[in-house]
Amino acid sequence: MIPTVSSPRPFRVPRATDETLTNGMRAVIVRRGGMPLVELRLRLPMVASNAAEEAARDLLARTITAGTGRRSQMKIDMDLQSMGATLTAGTTEDAFVITGSVPSGRMTEFLALLSEIVRTATFPDGPVRVERNRLAEEVVLARSQPGVIAEEVFRRRMFGRHPYGLGLPSPSTVRRVTGAGLRTLHGRLTSSGMMTVVGDLSPLRLLDAIASERWIRRRKPSRVPPIGVRTRRPLLVVHREGAQQTSIRMGGPAPAHDTAFGLANLVFGGYFLSRLVTNLREEKGYTYSVHSQPQHLAAGSSVTIAADVRTEVTGAAFAEILAEMEHQRAWSDEEIDSARRYAMGVLSIRAHTKAGLANLIDSLLARGLDLAYLRTYLKEMRSVTPAEVRVAASTFLVPSLLTTVMVGDAERIVPQLERFGRVAVR
Amino acid sequence: MFPVQVLSNGLRVVILSDRSSPVVAVSILYDVGFRSEPEGRSGFAHLFEHMMFQGSKHVPKGEFDRLILGNGGVLNGMTTPDYTVYYEVLPSAAVELALFLEADRMRSLVLDQDNLDNQRAVVQEEIRLNVLNRPYGKFPWIQLPELMFDTYPNAHDGYGSFEDLDAADLSDVKKFFSRFYTPANAVLSMCGDIDPVDAVGMAERYLGGIPGGRRPRRPSFAEPVGAGVRLAEVTDPFAPAPALALGYRVPDPIRDLEGVLALDVFGSILTDGVASRLEQRLVQKERLVTAVDAWIGESPGWGGPFEMRDPTRFQISTFYPRLEDRDRIVSMIDDEVERSIESLSEEEVVRFVTKTVATHTRKMDHVLSRALMAAGLVLLHGNVELLEEVPGYYQRLTAEKIAATAQEWIRRDRRAELRLVPGGGR
């Protein structure tokens with residue numbers, strides 16, 4: 001009755017041209033036909049060690065396109081429009097990342113502009129002032145969002161004084177950043193970065209074009225201290241006036257490149273068929289959104305469980321999350337195989353667009369891996385046993401390793417939590 | 001492109017073959033959305049969308065997700081004013097499975113009280129998460145239509161009131177299903193790694209035998225474009241800063257797509273990027289606002305110019321820090337709109353059009369975007385060839401056409417002004 005599905009065409013790991021330029025920058029280029037487009041990612045390692053640096057990093061991303069030695073902010077935007085290109089800069093915990101997209105015919109012109117911006121951005125006072133005020137206002141807006149509040153509380157609790165615990169810079173910290181400060185920070189951008197290019201152009205010609213532009217000088221990248229993995233106790237409740245839901249966040253350490261754990265996370269809370277979604281959403285109706293997710297960063301890997309639940313079922317929902325940790329040994333082989341097929345299928349879907357493939361390669365490079373790792377990954381995906389997945393789950397997804405915070409209406413949720421032990425309220 | 005096929009039961013089928021990656025997107029659009037839900041049952045079309053995942057005759061609850069995700073695919077549904085969409089993106093080896101599942105629920109959805117109660121709870125948590133528990137949750141997509149339109153179909157909140165959701169019962173669900181969820185009222189599209197002739201054969205095999213039903217009569221939702229200004233002030237308990245939205249009527253997108261796209265480009269000219277008019281004036285020069293955006297339709301992400309019937313809207317929305325600046329900001333917007341209409345140049349239009357077309361091309365790199373767009377064009381415009389003509393539509397726009405259309409529709413004497421006042425602390 002239900003059609004059987006033959007085994008899917010296996011994911012073909014794309015062939016990449018992978019070279020390190022003389023200035024130390026690594027370029028990974030993949031040829032992909034179809035729409036005449038090129039997707040580019042430029043990742044430059046850069047870590048903030050305090051709030052002031054975090055503010056400066058954010059502003060660096062917002063103002064790196066605000067002017068160069070040769071072009072004004074307005075001219076840069078107009079040139080990008082004329083090419084049909086986009087160029088945006090942003091930051092992750094570990095890096096400064098430029099994302100670009102351009103019709104293939106304009107690639108040479110685009111690379112010249114990108115190199116000019118990366119090398120000679122001037123951070124003029126006018127645009128810096130505008131962006132500084134805008135960022136300060138945006139921080140105020142962001143901090144009124146329950147998801148952002150929960151994230152900040154959780155990071156601070158979980159990562160403590162480590163840079164990953166910094167969260168958003170305060171508006172006053174943002175307002176203290178100057179153009180001169182940005183120029184200094186820009187001077188520290190390292191060249192030991194990675195560039196990913198996916199497009200319908202000859203990789204060798206692209207490599208020549210990239211190598212013929214000047215990028216930044218070789219510098220030693222800053223190092224991030226490893227994350228501490230101490231579990232913080234007790235459970236922390238942070239009050240939010242008028243909250244209609246409780247944002248539950250739990251987190252702990254995770255292994256870096258471990259296929260068994262990747263599958264364990266999927267079965268536990270990593271996709272719609274997971275135990276958490278089936279139980280808390282589809283059976284109990286406690287929540288619309290519950291999931292668990294690993295995060296792999298330069299200083300270490302971690303896993304986060306997040307659920308936004310109705311205030312009056314906070315205790316019940318928390319009990320179910322803990323109960324699902326007890327049930328890991330009862331996971332069936334079939335549900336583990338489902339997660340396996342899902343992970344492999346989603347890889348094909350994710351990599352089918354140029355932008356998706358560029359993001360995939362960039363995320364591998366960020367973790368110190370490359371496309372070759374996907375072969376190992378796919379092999380392990382096929383060979384890892386259900387028993388290994390259950391062991392990975394019961395090693396990491398356990399209450400004793402998890403730090404828990406909840407943001408919501410403290411008066412109504414604390415009484416529901418007393419049966420779980422001591423609770424701190426802020 | 002393969003022409004639209006109509007099966008004997010009235011189901012329209014569109015196939016876009018692209019064998020470059022082993023993935024296929026399957027989507028079904030039903031011609032029913034918020035605008036068609038009965039009075040006293042606001043939010044029902046969306047609640048019903050959730051019921052479509054609760055099991056059908058040969059597919060018990062949970063199996064739909066299990067089969068798609070467990071075979072390496074992803075799936076979802078979305079309710080919009082004019083249609084409700086269901087989709088799967090999956091390895092091409094699993095495409096028949098998707099058709100079987102879509103057919104089974106179209107033919108024989110199982111509707112029971114427990115699932116209705118559970119999904120009502122899930123939907124209410126979704127509304128708390130996305131609307132009630134956060135600042136700007138209704139701004140402007142729920143609040144602006146309430147102000148701009150007079151009739152229930154156009155003015156009401158598509159997420160629905162909790163009272164109306166609580167009032168919905170099984171007989172409503174059954175009636176809605178038999179009236180709207182028929183082959184004659186739907187469009188099926190497939191895009192990706194599939195042979196067009198095979199695909200039509202599969203559609204016939206799985207869906208061709210479902211009794212066609214009648215295409216329900218769809219009332220006109222048209223409302224006269226009234227003269228005069230409408231004004232409303234709303235307080236947002238969580239918002240830390242004020243916001244403002246101006247709403248304008250636009251031509252009927254089905255009868256005058258060119259006019260609507262002219263306004264789409266006009267919106268970009270006003271607010272897309274540093275080189276846009278309002279960004280230059282309000283953000284860079286006067287430094288009065290944090291963000292300003294203009295777009296057509298429901299939200300910048302969905303319900304856009306190709307995804308709506310008449311009436312729809314053009315809106316300019318802005319967030320700003322100081323409440324006392326409001327009237328100055330409004331008069332500057334008016335002034336800048338008029339100035340743009342008078343001074344628009346061909347060079348400026350070409351730049352914005354180039355960017356718009358490139359963005360469209362990039363989006364169409366994803367099989368799902370192409371499948372959804374094709375199905376939407378067939379459902380609303382009855383014309384799949386439009387898919388290829390989109391770039392041409394934009395490229396034919398002249399400064400004269402855009403200015404004339406903006407002059408006719410973006411008028412200060414014929415619009416709605418929604419003022420959001422912050423009730424939140426900062």
# chains A, B, ... in the order shown; residues from 1 in each chain; ligands from 1
call {"tool": "residues_around", "arguments": {"residues": "Thr122 in chain A", "least_positions_apart": "4", "cutoff": "9 Å", "atoms": "only C-alpha atoms", "output": "PDB file with N, CA and C atoms, in the first residue's frame"}}
result
ATOM      1  N   THR A  63      30.027  48.441   9.497  1.00  0.00           N
ATOM      2  CA  THR A  63      30.607  49.625   8.846  1.00  0.00           C
ATOM      3  C   THR A  63      31.749  49.279   7.887  1.00  0.00           C
ATOM      4  N   ILE A  64      32.039  48.021   7.707  1.00  0.00           N
ATOM      5  CA  ILE A  64      33.158  47.699   6.809  1.00  0.00           C
ATOM      6  C   ILE A  64      32.808  48.096   5.371  1.00  0.00           C
ATOM      7  N   THR A  65      31.514  48.225   5.075  1.00  0.00           N
ATOM      8  CA  THR A  65      31.094  48.674   3.745  1.00  0.00           C
ATOM      9  C   THR A  65      30.761  50.174   3.733  1.00  0.00           C
ATOM     10  N   ALA A  66      31.195  50.906   4.762  1.00  0.00           N
ATOM     11  CA  ALA A  66      30.827  52.325   4.867  1.00  0.00           C
ATOM     12  C   ALA A  66      31.802  53.251   4.153  1.00  0.00           C
ATOM     13  N   GLY A  67      32.768  52.695   3.452  1.00  0.00           N
ATOM     14  CA  GLY A  67      33.684  53.554   2.708  1.00  0.00           C
ATOM     15  C   GLY A  67      35.066  52.922   2.625  1.00  0.00           C
ATOM     16  N   THR A  68      35.738  53.179   1.482  1.00  0.00           N
ATOM     17  CA  THR A  68      37.126  52.710   1.315  1.00  0.00           C
ATOM     18  C   THR A  68      37.944  53.915   0.877  1.00  0.00           C
ATOM     19  N   GLY A  69      39.223  53.686   0.630  1.00  0.00           N
ATOM     20  CA  GLY A  69      40.049  54.770   0.114  1.00  0.00           C
ATOM     21  C   GLY A  69      39.479  55.364  -1.171  1.00  0.00           C
ATOM     22  N   ILE A 117      37.395  46.494  -0.042  1.00  0.00           N
ATOM     23  CA  ILE A 117      36.713  46.698   1.236  1.00  0.00           C
ATOM     24  C   ILE A 117      37.497  46.053   2.379  1.00  0.00           C
ATOM     25  N   GLY A 179      35.564  55.491  15.517  1.00  0.00           N
ATOM     26  CA  GLY A 179      36.124  55.157  14.207  1.00  0.00           C
ATOM     27  C   GLY A 179      37.579  54.712  14.345  1.00  0.00           C
ATOM     28  N   LEU A 182      37.758  51.238  15.532  1.00  0.00           N
ATOM     29  CA  LEU A 182      37.421  50.286  14.470  1.00  0.00           C
ATOM     30  C   LEU A 182      38.594  50.098  13.520  1.00  0.00           C
ATOM     31  N   ARG A 183      39.314  51.213  13.241  1.00  0.00           N
ATOM     32  CA  ARG A 183      40.470  51.087  12.339  1.00  0.00           C
ATOM     33  C   ARG A 183      41.544  50.197  12.968  1.00  0.00           C
TER      34      ARG A 183
END
call {"tool": "select_by_dssp", "arguments": {"residues": "range 1-136 of chain A", "states": "strand (DSSP E)", "output": "PyMOL selection string"}}
result
chain A and resi 16-20+26-31+37-45+86-91+95-103
call {"tool": "residues_around", "arguments": {"residues": "Ala25 in chain B", "least_positions_apart": "2", "cutoff": "6 Å", "atoms": "only C-alpha atoms", "output": "count of residues only"}}
result
6
call {"tool": "closest_residue", "arguments": {"among": "A:Ala95, A:Leu357, A:Val237, A:Ser394", "to": "Pro415 in chain A", "atoms": "only C-alpha atoms"}}
result
A:Val237
call {"tool": "interface_residues", "arguments": {"of": "chain B", "to": "chain A", "cutoff": "6 Å", "atoms": "only C-alpha atoms", "output": "NGL selection string"}}
result
:B and (21 or 69-73 or 93-94 or 97 or 118 or 121-122 or 125-126 or 133-134 or 275 or 290 or 351 or 354-355 or 358 or 365-366)
call {"tool": "residues_around", "arguments": {"residues": "Thr22 in chain A", "least_positions_apart": "2", "cutoff": "10 Å", "atoms": "only C-alpha atoms", "output": "ChimeraX atom specification"}}
result
/A:19-20,24-26,211,217-218
call {"tool": "write_last_selection", "arguments": {"atoms": "N, CA and C atoms", "output": "JSON list (two decimals), in the first residue's frame"}}
result
[["chain", "number", "residue", "atom", "x", "y", "z"],
["A", 19, "GLU", "N", 43.36, 25.55, -2.19],
["A", 19, "GLU", "CA", 44.73, 26.08, -2.22],
["A", 19, "GLU", "C", 44.93, 27.10, -1.11],
["A", 20, "THR", "N", 46.15, 27.20, -0.64],
["A", 20, "THR", "CA", 46.48, 28.25, 0.31],
["A", 20, "THR", "C", 47.29, 29.32, -0.41],
["A", 24, "GLY", "N", 48.60, 33.25, 3.21],
["A", 24, "GLY", "CA", 48.10, 32.37, 4.26],
["A", 24, "GLY", "C", 46.61, 32.11, 4.16],
["A", 25, "MET", "N", 45.89, 32.80, 3.26],
["A", 25, "MET", "CA", 44.45, 32.58, 3.16],
["A", 25, "MET", "C", 44.17, 31.30, 2.37],
["A", 26, "ARG", "N", 43.23, 30.51, 2.87],
["A", 26, "ARG", "CA", 42.87, 29.27, 2.19],
["A", 26, "ARG", "C", 41.65, 29.51, 1.30],
["A", 211, "ALA", "N", 43.76, 35.07, -6.36],
["A", 211, "ALA", "CA", 45.18, 35.26, -6.03],
["A", 211, "ALA", "C", 45.71, 36.58, -6.56],
["A", 217, "ARG", "N", 47.44, 41.27, 5.17],
["A", 217, "ARG", "CA", 48.73, 40.65, 5.48],
["A", 217, "ARG", "C", 48.56, 39.50, 6.47],
["A", 218, "ARG", "N", 49.56, 38.63, 6.43],
["A", 218, "ARG", "CA", 49.55, 37.49, 7.34],
["A", 218, "ARG", "C", 49.77, 37.95, 8.79]]
call {"tool": "residues_around", "arguments": {"residues": "range 263-267 of chain B", "least_positions_apart": "5", "cutoff": "8 Å", "atoms": "only C-alpha atoms", "output": "ChimeraX atom specification"}}
result
/B:250,272,293-296,305,314,349,352-353,356,402,405-406
call {"tool": "residues_around", "arguments": {"residues": "Tyr320 in chain B", "least_positions_apart": "3", "cutoff": "12 Å", "atoms": "only C-alpha atoms", "output": "count of residues only"}}
result
36
call {"tool": "atom_distance", "arguments": {"atom1": "CA of Ala222 in chain B", "atom2": "CA of His46 in chain B"}}
result
22.1 Å
call {"tool": "decode", "arguments": {"residues": "range 242-272 of chain B", "atoms": "C-alpha atoms", "output": "compact mmCIF listing (two decimals), in the first residue's frame"}}
result
# COMPACT_ATOMS: atom_id res chain seq x y z
CA PRO B 242 7.74 53.32 19.26
CA ALA B 243 7.02 52.18 15.75
CA LEU B 244 4.93 53.43 12.89
CA ALA B 245 3.39 51.89 9.79
CA LEU B 246 1.79 53.59 6.81
CA GLY B 247 -0.49 51.42 4.69
CA TYR B 248 -1.63 52.10 1.13
CA ARG B 249 -3.89 50.19 -1.23
CA VAL B 250 -2.39 48.84 -4.45
CA PRO B 251 -3.83 47.67 -7.79
CA ASP B 252 -5.31 44.18 -8.14
CA PRO B 253 -2.23 41.95 -8.54
CA ILE B 254 -4.05 39.56 -10.86
CA ARG B 255 -5.34 42.17 -13.28
CA ASP B 256 -2.45 44.61 -13.03
CA LEU B 257 0.68 42.69 -12.07
CA GLU B 258 2.80 45.29 -13.79
CA GLY B 259 1.37 48.02 -11.55
CA VAL B 260 2.01 45.98 -8.42
CA LEU B 261 5.58 45.21 -9.48
CA ALA B 262 6.14 48.90 -10.23
CA LEU B 263 5.23 49.58 -6.59
CA ASP B 264 7.42 46.67 -5.47
CA VAL B 265 10.40 48.36 -7.10
CA PHE B 266 9.28 51.73 -5.74
CA GLY B 267 9.42 50.17 -2.26
CA SER B 268 13.02 49.06 -2.89
CA ILE B 269 13.93 52.52 -4.15
CA LEU B 270 12.60 53.92 -0.87
CA THR B 271 14.16 51.52 1.63
CA ASP B 272 16.38 48.77 0.20
